[in-house]
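Structure first, then comments.
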Amino acid sequence: MASELRHQTGKKVLLLADLDAQAGWGKYSILDAIGIVHDLDRASWEQVVTKAADDLHVLSPCLMGAGELQAANIRQLLTRVRSMYDWVLDLGRLNGTSAGVLNIVNQVFVVTTIRYSRSLFYEARRVIDALVKADVVGYRLLHRREPD
């Protein structure tokens, strides 16, 4: 999704590789960025992110067992770097950490698959209920078709 957004818009895109502190890959992680947030400038930021195809920037999650991310730290980091990007994406599930940064986002897209599954319906509803509770106004529900 992030790569396609970059391709179609030509705008700068940062992909937060899921705000899941247990997934891990890349030379530096979101925890490294949080550790230097007060000294973070464009040059140091360019060292932290991984550059993928089409100049897509990816901020890797932490290594397994590295600890939990705190929403306050992520808010501080995103506030610092958001001016460098047109789009900032997280492709993970809504959890306590990602819900804790909803107050600084401009727009949220809830992506579901078109499949008749009661659990998928309830998960989408749970996410939308959380967005409403957090007073997020700019959210959209997108349905993605699975290939046959």
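Labeling convention for the structure tokens: chains A, B, ... as they appear, residues from 1 per chain, ligands from 1 in order of appearance.
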
Alpha helix (DSSP H) positions in segment 113-144 of chain A, given as a PyMOL selection string: chain A and resi 118-133

Neighbouring residues of Glu4 of chain A were defined as those with any atom within 10 Å, considering only C-alpha atoms; residues of the same chain fewer than 5 positions away were excluded. Please report them as a compact mmCIF listing (two decimals) with C-alpha atoms, in the first residue's frame.
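Written output follows (part-v8.txt):
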# COMPACT_ATOMS: atom_id res chain seq x y z
CA THR A 9 1.23 10.34 -5.96
CA GLY A 10 4.96 10.92 -6.35
CA ASP A 54 10.88 4.26 -5.24
CA LEU A 56 9.91 4.87 0.10

Long-range neighbours of Val127 of chain A as a list in words, 7 Å cut-off, only C-alpha atoms, 4 positions minimum in chain: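 That gives Leu94, Glu123 and Leu131 of chain A.
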
Selected residues, N, CA and C atoms, written as an mmCIF file, in the first residue's frame, please.
data_model
loop_
_atom_site.group_PDB
_atom_site.id
_atom_site.type_symbol
_atom_site.label_atom_id
_atom_site.label_comp_id
_atom_site.auth_asym_id
_atom_site.auth_seq_id
_atom_site.Cartn_x
_atom_site.Cartn_y
_atom_site.Cartn_z
ATOM 1 N N LEU A 94 -4.968 -1.830 15.117
ATOM 2 C CA LEU A 94 -5.177 -0.845 16.169
ATOM 3 C C LEU A 94 -4.935 -1.538 17.505
ATOM 4 N N GLU A 123 -13.989 -7.010 13.977
ATOM 5 C CA GLU A 123 -12.711 -6.299 14.124
ATOM 6 C C GLU A 123 -12.804 -4.902 13.519
ATOM 7 N N LEU A 131 -12.147 4.674 16.999
ATOM 8 C CA LEU A 131 -11.918 5.958 16.328
ATOM 9 C C LEU A 131 -12.963 6.983 16.741
#

Contacts of Gln70 of chain A at 9 Å (only C-alpha atoms; same-chain gap of 3+ positions) as a list in words: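 Listing them by chain and then by number gives Asn73, Ile74, Arg75, Gly96, Thr97 and Gly100 of chain A.
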
For the residues selected in the previous step, produce a file with C-alpha atoms as a tab-separated table (two decimals), in the first residue's frame.
chain	number	residue	atom	x	y	z
A	73	ASN	CA	7.29	8.65	22.65
A	74	ILE	CA	5.78	7.85	19.26
A	75	ARG	CA	3.74	11.08	19.31
A	96	GLY	CA	-3.04	0.48	22.74
A	97	THR	CA	0.09	2.04	21.28
A	100	GLY	CA	-2.45	6.51	21.72

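Across the structure, atom CA of Val49 of chain A and atom CA of Val13 of chain A are spaced 11.5 Å apart.
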
Atom-to-atom span, atom CA of Pro61 of chain A and atom CA of Ala130 of chain A, Å: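 Atom CA of Ala130 of chain A lies 23.4 Å from atom CA of Pro61 of chain A.
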
All residues 9 Å or closer to Ala33 of chain A, only C-alpha atoms, same chain fewer than 5 positions away omitted, as a VMD selection string: chain A and resid 28 40 45 48 to 49 59 77

Counting only C-alpha atoms, the residue of A:Leu69, A:Gly138, A:Arg80, A:Lys11 that sits nearest Ile30 of chain A: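 Checking each of A:Leu69, A:Gly138, A:Arg80, A:Lys11 against Ile30 of chain A, counting only C-alpha atoms, the winner is A:Leu69.
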
Separation of atom CA of Lys27 of chain A from atom CA of Ile104 of chain A in Å: 27.2 Å

Could you pull the residues within 10 Å of segment 87-90 of chain A, counting only C-alpha atoms, minus those fewer than 6 positions along the same chain, as a compact mmCIF listing (two decimals) with N, CA and C atoms, in the first residue's frame?
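File produced: result_3.txt:
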# COMPACT_ATOMS: atom_id res chain seq x y z
N MET A 1 0.82 -1.18 0.00
CA MET A 1 0.00 0.00 0.00
C MET A 1 0.88 1.25 0.00
N ALA A 2 1.89 1.30 0.84
CA ALA A 2 2.76 2.48 0.92
C ALA A 2 3.51 2.69 -0.38
N LEU A 5 1.11 4.00 -2.98
CA LEU A 5 0.81 5.40 -2.69
C LEU A 5 1.95 6.30 -3.17
N ARG A 6 3.17 5.90 -2.90
CA ARG A 6 4.34 6.65 -3.36
C ARG A 6 4.37 6.70 -4.88
N LYS A 11 4.65 11.55 -4.03
CA LYS A 11 4.92 12.29 -2.79
C LYS A 11 5.78 11.45 -1.85
N LYS A 12 6.39 12.12 -0.88
CA LYS A 12 7.25 11.44 0.10
C LYS A 12 6.38 10.65 1.08
N VAL A 13 6.73 9.37 1.26
CA VAL A 13 5.96 8.48 2.11
C VAL A 13 6.88 7.82 3.13
N LEU A 14 6.45 7.84 4.39
CA LEU A 14 7.13 7.10 5.46
C LEU A 14 6.22 5.97 5.88
N LEU A 15 6.74 4.76 5.86
CA LEU A 15 6.00 3.60 6.34
C LEU A 15 6.54 3.22 7.70
N LEU A 16 5.68 3.30 8.70
CA LEU A 16 6.02 2.77 10.01
C LEU A 16 5.71 1.29 9.91
N ALA A 17 6.70 0.46 9.91
CA ALA A 17 6.50 -0.96 9.65
C ALA A 17 5.78 -1.60 10.82
N ASP A 18 4.55 -1.20 10.96
CA ASP A 18 3.67 -1.70 12.00
C ASP A 18 4.18 -1.26 13.38
N LEU A 19 3.37 -0.56 14.10
CA LEU A 19 3.77 -0.13 15.45
C LEU A 19 3.72 -1.33 16.39
N ASP A 20 4.47 -2.33 16.05
CA ASP A 20 4.56 -3.57 16.81
C ASP A 20 6.02 -3.74 17.19
N HIS A 57 10.49 5.49 2.38
CA HIS A 57 11.24 5.41 3.63
C HIS A 57 10.48 4.50 4.59
N VAL A 58 11.23 3.58 5.22
CA VAL A 58 10.62 2.62 6.15
C VAL A 58 11.32 2.76 7.49
N LEU A 59 10.54 2.93 8.54
CA LEU A 59 11.07 2.94 9.90
C LEU A 59 10.77 1.58 10.50
N LEU A 78 6.76 11.37 15.85
CA LEU A 78 5.98 11.72 14.66
C LEU A 78 5.81 13.23 14.52
N VAL A 81 9.05 14.46 12.87
CA VAL A 81 9.39 14.10 11.48
C VAL A 81 8.25 14.26 10.48
N SER A 98 -0.90 2.27 19.07
CA SER A 98 -1.34 3.06 17.92
C SER A 98 -2.56 3.91 18.27
N VAL A 105 -3.19 12.46 14.27
CA VAL A 105 -3.30 12.08 12.86
C VAL A 105 -4.32 12.94 12.14
N ASN A 106 -4.09 13.12 10.84
CA ASN A 106 -5.02 13.89 10.02
C ASN A 106 -6.14 13.02 9.46
N GLN A 107 -5.80 11.80 9.11
CA GLN A 107 -6.78 10.92 8.49
C GLN A 107 -6.41 9.47 8.76
N VAL A 108 -7.43 8.64 8.93
CA VAL A 108 -7.24 7.22 9.17
C VAL A 108 -8.04 6.45 8.13
N PHE A 109 -7.40 5.47 7.51
CA PHE A 109 -8.07 4.56 6.60
C PHE A 109 -8.13 3.20 7.28

Surrounding residues of Leu141 of chain A excluding itself and chain neighbours under 6 positions, 9 Å, only C-alpha atoms, as an MDAnalysis selection string: chainID A and resid 108:112 124 128

Include N, CA and C atoms and write out the residues we just selected as a CSV table (one decimal), in the first residue's frame.
chain,number,residue,atom,x,y,z
A,108,VAL,N,-7.4,8.6,8.9
A,108,VAL,CA,-7.2,7.2,9.2
A,108,VAL,C,-8.0,6.4,8.1
A,109,PHE,N,-7.4,5.5,7.5
A,109,PHE,CA,-8.1,4.6,6.6
A,109,PHE,C,-8.1,3.2,7.3
A,110,VAL,N,-9.3,2.7,7.5
A,110,VAL,CA,-9.5,1.3,8.0
A,110,VAL,C,-9.7,0.4,6.8
A,111,VAL,N,-8.7,-0.5,6.6
A,111,VAL,CA,-8.8,-1.3,5.4
A,111,VAL,C,-9.2,-2.7,5.8
A,112,THR,N,-10.3,-3.2,5.2
A,112,THR,CA,-10.8,-4.6,5.5
A,112,THR,C,-10.8,-5.4,4.2
A,124,ALA,N,-13.4,-4.8,12.3
A,124,ALA,CA,-13.6,-3.5,11.7
A,124,ALA,C,-14.5,-2.6,12.6
A,128,ILE,N,-13.5,1.0,14.3
A,128,ILE,CA,-14.3,2.2,14.1
A,128,ILE,C,-14.9,2.8,15.4
